[in-house]
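Student: I am sharing entry_36.tsv, which consists of TSV, C-alpha atoms:
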chain	number	residue	atom	x	y	z
C	15	MET	CA	34.20	-75.42	-175.55
C	16	HIS	CA	31.94	-72.43	-175.07
C	17	LEU	CA	29.52	-72.78	-172.16
C	18	ASP	CA	26.43	-70.75	-171.45
C	19	LYS	CA	26.65	-70.20	-167.71
C	20	HIS	CA	22.89	-69.68	-167.55
C	21	LEU	CA	22.02	-73.20	-168.73
C	22	PHE	CA	21.30	-76.01	-166.32
C	23	ALA	CA	24.08	-78.61	-166.23
C	24	LEU	CA	22.74	-82.03	-165.24
C	25	TYR	CA	24.62	-85.22	-164.50
C	26	THR	CA	23.47	-88.49	-166.03
C	27	VAL	CA	24.59	-92.09	-165.66
C	28	ALA	CA	23.48	-92.76	-169.25
C	29	GLN	CA	25.48	-92.73	-172.43
C	30	ILE	CA	25.06	-89.46	-174.33
C	31	ASN	CA	26.08	-90.52	-177.81
C	32	ASP	CA	22.91	-89.32	-179.52
C	33	ALA	CA	19.90	-87.10	-179.01
C	34	SER	CA	17.78	-89.70	-177.15
C	35	ILE	CA	18.90	-90.40	-173.60
C	36	ARG	CA	17.16	-92.99	-171.44
C	37	ASP	CA	17.50	-91.97	-167.78
C	38	GLU	CA	14.43	-92.05	-165.55
C	39	ALA	CA	15.90	-89.89	-162.76
C	40	LEU	CA	17.10	-87.28	-165.26
C	41	TRP	CA	13.71	-87.23	-167.03
C	42	VAL	CA	11.95	-86.60	-163.72
C	43	ARG	CA	14.30	-83.72	-162.92
C	44	ILE	CA	13.81	-82.08	-166.30
C	45	VAL	CA	10.04	-82.54	-166.57
C	46	LYS	CA	8.76	-82.68	-162.99
C	47	VAL	CA	11.31	-80.78	-160.91
C	48	LEU	CA	12.83	-78.10	-163.15
C	49	ARG	CA	9.69	-77.95	-165.31
C	50	LEU	CA	11.61	-77.17	-168.47
C	51	ARG	CA	9.74	-76.84	-171.73
C	52	ALA	CA	10.25	-77.75	-175.34
C	53	ASP	CA	13.02	-75.65	-176.96
C	54	SER	CA	14.78	-75.24	-173.59
C	55	LYS	CA	18.52	-75.89	-173.74
C	56	VAL	CA	20.31	-78.03	-171.19
C	57	ILE	CA	23.84	-79.36	-170.69
C	58	LEU	CA	24.12	-83.05	-169.88
C	59	PHE	CA	27.35	-84.67	-168.69
C	60	ASN	CA	28.52	-88.10	-167.58
C	61	ASN	CA	32.24	-87.77	-166.66
C	62	THR	CA	33.43	-88.45	-170.22
C	63	HIS	CA	31.32	-86.19	-172.47
C	64	THR	CA	29.07	-83.16	-172.37
C	65	LEU	CA	26.04	-82.72	-174.56
C	66	THR	CA	24.22	-79.43	-175.10
C	67	LEU	CA	20.70	-80.32	-176.12
C	68	THR	CA	17.63	-78.37	-177.20
C	69	LEU	CA	14.71	-80.32	-175.77
C	70	SER	CA	12.01	-81.44	-178.18
C	71	THR	CA	8.31	-81.99	-177.52
C	72	ALA	CA	8.95	-85.76	-177.58
C	73	THR	CA	10.64	-85.42	-174.19
C	74	PHE	CA	7.35	-84.42	-172.64
C	75	THR	CA	5.16	-86.95	-174.41
C	76	SER	CA	7.41	-89.94	-173.82
C	77	LYS	CA	8.34	-91.52	-170.50
C	78	ASN	CA	11.87	-91.61	-169.07
C	79	ILE	CA	13.57	-90.63	-172.34
C	80	ILE	CA	15.03	-87.20	-173.09
C	81	HIS	CA	14.80	-86.22	-176.76
C	82	GLY	CA	16.19	-83.18	-178.49
C	83	ASP	CA	18.47	-81.61	-181.05
C	84	ILE	CA	22.21	-81.70	-180.39
C	85	ASN	CA	23.84	-78.28	-180.33
C	86	GLN	CA	27.27	-79.42	-179.18
C	87	ARG	CA	28.92	-82.63	-177.98
C	88	THR	CA	32.44	-82.63	-176.59
C	89	SER	CA	34.84	-84.93	-174.81
C	90	ILE	CA	35.67	-83.83	-171.29
C	91	ILE	CA	39.28	-82.91	-170.56
C	92	PRO	CA	39.90	-83.23	-166.79
C	93	LEU	CA	41.49	-80.27	-165.09
C	94	ALA	CA	45.26	-80.40	-164.72
C	95	PRO	CA	47.06	-81.10	-162.56
C	96	THR	CA	45.00	-83.86	-161.00
C	97	ILE	CA	44.53	-83.26	-157.28
C	98	THR	CA	43.92	-85.90	-154.63
C	99	LEU	CA	42.48	-84.60	-151.37
C	100	LEU	CA	43.58	-86.54	-148.29
C	101	GLN	CA	41.16	-85.33	-145.66
C	102	GLY	CA	41.31	-86.08	-141.95
C	103	ILE	CA	37.73	-87.03	-141.14
C	104	PRO	CA	35.84	-84.19	-139.42
C	105	LYS	CA	32.26	-84.23	-138.18
C	106	LYS	CA	29.67	-85.03	-140.82
C	107	SER	CA	28.40	-81.52	-141.61
C	108	VAL	CA	31.97	-80.26	-142.04
C	109	PHE	CA	32.92	-83.21	-144.25
C	110	GLU	CA	29.93	-82.58	-146.49
C	111	GLU	CA	30.93	-78.94	-146.94
C	112	ILE	CA	34.51	-79.96	-147.71
C	113	ILE	CA	33.57	-82.48	-150.39
C	114	TYR	CA	31.12	-80.02	-151.98
C	115	ASN	CA	33.86	-77.41	-152.27
C	116	ALA	CA	36.44	-79.94	-153.44
C	117	ALA	CA	34.12	-81.19	-156.18
C	118	GLN	CA	33.38	-77.74	-157.56
C	119	LEU	CA	37.11	-76.98	-157.62
C	120	GLY	CA	37.85	-80.03	-159.74
C	121	VAL	CA	39.51	-82.41	-157.30
C	122	ALA	CA	39.97	-85.82	-158.95
C	123	SER	CA	39.67	-87.99	-155.86
C	124	ILE	CA	38.92	-87.69	-152.16
C	125	VAL	CA	40.42	-90.03	-149.58
C	126	PRO	CA	39.04	-89.81	-146.01
C	127	VAL	CA	41.88	-90.32	-143.55
C	128	CYS	CA	41.56	-91.80	-140.06
C	129	SER	CA	43.97	-89.48	-138.29
C	130	ASN	CA	44.36	-89.25	-134.53
C	131	LYS	CA	41.62	-86.65	-134.08
C	132	ALA	CA	39.32	-87.97	-136.81
C	133	HIS	CA	35.60	-88.52	-136.30
C	134	ASP	CA	33.81	-91.78	-137.07
C	135	LEU	CA	31.29	-91.16	-139.84
C	136	GLY	CA	30.54	-94.81	-140.57
C	137	PHE	CA	30.81	-94.54	-144.37
C	138	SER	CA	28.06	-97.07	-145.00
C	139	PRO	CA	27.01	-97.61	-148.65
C	140	LYS	CA	24.06	-95.31	-147.99
C	141	GLU	CA	26.35	-92.57	-146.65
C	142	GLN	CA	28.75	-92.95	-149.56
C	143	GLU	CA	25.83	-92.58	-151.98
C	144	ARG	CA	24.80	-89.41	-150.13
C	145	PHE	CA	28.35	-88.04	-150.38
C	146	ARG	CA	28.38	-88.77	-154.11
C	147	GLY	CA	25.08	-86.93	-154.50
C	148	ILE	CA	26.56	-83.89	-152.77
C	149	MET	CA	29.51	-83.90	-155.14
C	150	ILE	CA	27.27	-84.27	-158.20
C	151	THR	CA	25.26	-81.24	-157.06
C	152	ALA	CA	28.49	-79.27	-156.70
C	153	CYS	CA	29.70	-80.27	-160.16
C	154	GLU	CA	26.38	-79.33	-161.72
C	155	GLN	CA	26.45	-75.91	-160.07
C	156	ALA	CA	30.07	-75.25	-161.03
C	157	LYS	CA	29.85	-76.84	-164.49
C	158	GLN	CA	32.79	-78.98	-163.46
C	159	PHE	CA	32.06	-82.09	-165.49
C	160	VAL	CA	34.11	-84.77	-163.73
C	161	VAL	CA	32.63	-85.98	-160.45
C	162	PRO	CA	35.42	-86.92	-158.00
C	163	THR	CA	35.81	-90.45	-156.75
C	164	ILE	CA	35.57	-90.96	-153.00
C	165	SER	CA	37.18	-93.95	-151.33
C	166	ALA	CA	36.50	-95.79	-148.12
C	167	PRO	CA	38.49	-94.36	-145.20
C	168	VAL	CA	42.15	-95.33	-144.92
C	169	ASN	CA	44.44	-95.21	-141.90
C	170	PHE	CA	47.11	-92.55	-141.65
C	171	GLU	CA	49.94	-94.91	-142.65
C	172	GLN	CA	48.08	-95.95	-145.82
C	173	ALA	CA	47.48	-92.31	-146.72
C	174	MET	CA	51.17	-91.54	-146.32
C	175	ALA	CA	52.10	-94.37	-148.68
C	176	MET	CA	49.98	-93.06	-151.56
C	177	LYS	CA	51.99	-91.90	-154.54
C	178	ALA	CA	51.99	-88.38	-156.01
C	179	ASP	CA	54.49	-86.18	-157.82
C	180	ILE	CA	54.13	-83.47	-155.18
C	181	LYS	CA	52.66	-83.87	-151.70
C	182	ILE	CA	51.53	-80.82	-149.76
C	183	LEU	CA	50.64	-80.56	-146.10
C	184	PHE	CA	49.08	-77.21	-145.36
C	185	ASP	CA	50.43	-76.22	-141.96
C	186	SER	CA	50.73	-72.81	-140.29
C	187	ASN	CA	54.40	-73.50	-139.53
C	188	GLY	CA	55.34	-74.44	-143.09
C	189	ILE	CA	57.20	-72.60	-145.82
C	190	PRO	CA	55.41	-69.71	-147.56
C	191	TYR	CA	52.96	-70.89	-150.20
C	192	ARG	CA	54.64	-68.93	-153.01
C	193	GLU	CA	57.88	-70.91	-152.56
C	194	LEU	CA	56.16	-74.13	-153.62
C	195	LEU	CA	54.36	-72.73	-156.66
C	196	PRO	CA	57.21	-73.16	-159.19
C	197	GLN	CA	57.26	-76.91	-158.49
C	198	CYS	CA	53.48	-77.17	-158.64
C	199	LYS	CA	53.38	-75.58	-162.08
C	200	LYS	CA	55.59	-78.34	-163.48
C	201	THR	CA	53.70	-81.36	-162.17
C	202	SER	CA	50.72	-83.36	-163.37
C	203	GLN	CA	49.71	-84.88	-160.02
C	204	LEU	CA	49.31	-83.39	-156.56
C	205	SER	CA	48.19	-84.70	-153.19
C	206	VAL	CA	47.05	-82.28	-150.51
C	207	LEU	CA	46.63	-83.25	-146.86
C	208	PHE	CA	44.36	-81.53	-144.37
C	209	GLY	CA	43.59	-82.47	-140.79
C	210	PRO	CA	40.17	-82.65	-139.11
C	211	GLU	CA	39.02	-80.23	-136.42
C	212	GLY	CA	41.98	-79.72	-134.12
C	213	GLY	CA	44.43	-80.51	-136.90
C	214	LEU	CA	47.05	-83.21	-137.10
C	215	THR	CA	49.19	-84.19	-134.14
C	216	GLU	CA	52.90	-83.32	-134.06
C	217	GLN	CA	53.70	-86.99	-134.61
C	218	GLU	CA	51.46	-87.12	-137.67
C	219	ILE	CA	53.10	-84.01	-139.09
C	220	ILE	CA	56.50	-85.65	-138.62
C	221	MET	CA	55.22	-88.82	-140.33
C	222	ALA	CA	53.86	-86.78	-143.22
C	223	GLN	CA	57.13	-84.94	-143.71
C	224	ALA	CA	59.00	-88.24	-143.64
C	225	ALA	CA	56.63	-89.52	-146.35
C	226	GLY	CA	57.53	-86.63	-148.64
C	227	PHE	CA	54.93	-84.02	-147.74
C	228	THR	CA	56.10	-80.42	-147.81
C	229	SER	CA	54.66	-78.34	-144.98
C	230	THR	CA	53.29	-75.19	-146.57
C	231	GLN	CA	51.79	-72.14	-144.92
C	232	LEU	CA	48.43	-71.30	-146.40
C	233	THR	CA	47.60	-68.05	-144.58
C	234	PRO	CA	49.13	-66.25	-141.58
C	235	THR	CA	45.93	-67.10	-139.67
C	236	ILE	CA	44.38	-70.38	-138.53
C	237	LEU	CA	41.46	-71.39	-140.74
C	238	ARG	CA	38.51	-73.60	-139.84
C	239	SER	CA	38.81	-77.19	-141.02
C	240	GLU	CA	36.03	-76.64	-143.59
C	241	ASP	CA	37.67	-73.47	-144.94
C	242	ALA	CA	41.28	-74.61	-145.30
C	243	PRO	CA	40.69	-77.06	-148.21
C	244	LEU	CA	38.58	-74.47	-150.03
C	245	VAL	CA	41.33	-71.85	-149.79
C	246	GLY	CA	44.22	-74.25	-150.45
C	247	ILE	CA	42.74	-76.06	-153.43
C	248	GLY	CA	41.29	-72.81	-154.77
C	249	LEU	CA	44.72	-71.21	-154.75
C	250	LEU	CA	46.24	-74.21	-156.53
C	251	ARG	CA	43.58	-74.11	-159.22
C	252	THR	CA	43.93	-70.35	-159.64
C	253	LEU	CA	47.69	-69.99	-159.59
C	254	ILE	CA	48.80	-73.06	-161.55
C	255	ALA	CA	46.02	-73.16	-164.15
As structure tokens, what does this structure read like?
Tutor:
Amino acid sequence: MHLDKHLFALYTVAQINDASIRDEALWVRIVKVLRLRADSKVILFNNTHTLTLTLSTATFTSKNIIHGDINQRTSIIPLAPTITLLQGIPKKSVFEEIIYNAAQLGVASIVPVCSNKAHDLGFSPKEQERFRGIMITACEQAKQFVVPTISAPVNFEQAMAMKADIKILFDSNGIPYRELLPQCKKTSQLSVLFGPEGGLTEQEIIMAQAAGFTSTQLTPTILRSEDAPLVGIGLLRTLIA
């Protein structure tokens, strides 16, 4: 699929099987917020398909329905391997930055983990909707067309029991990153574990290793909790693509 990086990519909850899409929120964004005009092109996506559409004048004379001519419609192929981010819960602003970066890098799912040093963010339905909105914004910006799922928080023991072909704990005392790459290139499913501010405790690291996580050194320096997932997942996406 050829993408024009200059086009707006907009997420919709609607089906995009034809050239008329009923989505009030999307219509408002196109007409009232972005102020696009007839003959403007836009990419719409909904986790399963993308649709490149040239807007018609009917979009601007109707209400809540986007009309246009279809330039291209494709099925979305999720990035491989699938990556699950197990994230020790940091303070709210840090968590929001982490999930934004994870979404634009094509993480499939995000699992907040109640580790020993985790913060309490509440995760009310309203907060979860806000987190989803942040991830949608990231996917639109990156033209990464599958919005990650985000679960309710789990305790550390539950996180350790989750299945994956390869489990990685990024830790400054682990093996060099390059030693794990050959295994990563052969798998279809990865889980990566990061601690909150202050990291994981020694006991949690031992528990993770016992659960099959490989401690892997990301950099020779200590990164901030919001930077480590960006670097770690970015390297995985770059080096095993």
Student: Rank C:Ala52, C:Ile90, C:Ala178, C:Ile164 by their smallest atom-to-atom distance to C:Ala116, using only C-alpha atoms, and report the top residue only.
Tutor: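 Closest to C:Ala116 of all the choices is C:Ile164.
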Student: Which is closest to C:Val121 among C:Ile219, C:Thr75, C:Ala39, C:Thr163, if we use all atoms listed in the file?
Tutor: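 Closest to C:Val121 of all the choices is C:Thr163.
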Student: Of the candidates C:Arg192, C:Arg87, C:Arg144, C:Lys177, which one gets nearest to C:Lys106 if we count only C-alpha atoms?
Tutor: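 Ranked by minimum distance to C:Lys106, first place goes to C:Arg144.
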Student: Which of these, C:Glu218, C:Glu211, C:Glu193, C:Asp83, has the shortest distance to C:His133 once you count all atoms listed in the file?
Tutor: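 Distance minimum relative to C:His133 lands on C:Glu211.
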Student: Which value, in Å to one decimal, gives the distance between atom CA of C:Leu237 and atom CA of C:Gln142?
Tutor: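 We find that atom CA of C:Leu237 and atom CA of C:Gln142 lie 26.5 Å from each other.
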Student: If you count only C-alpha atoms, which residues fall within 10 Å of C:Gly147, apart from same-chain ones fewer than 6 positions away, as a VMD selection string?
Tutor: chain C and resid 114 141 153 161
Student: Mind writing the picked residues with C-alpha atoms as a PDB file, in the frame of the given file?
Tutor:
ATOM      1  CA  TYR C 114      31.120 -80.020-151.980  1.00  0.00           C
ATOM      2  CA  GLU C 141      26.350 -92.570-146.650  1.00  0.00           C
ATOM      3  CA  CYS C 153      29.700 -80.270-160.160  1.00  0.00           C
ATOM      4  CA  VAL C 161      32.630 -85.980-160.450  1.00  0.00           C
TER       5      VAL C 161
END
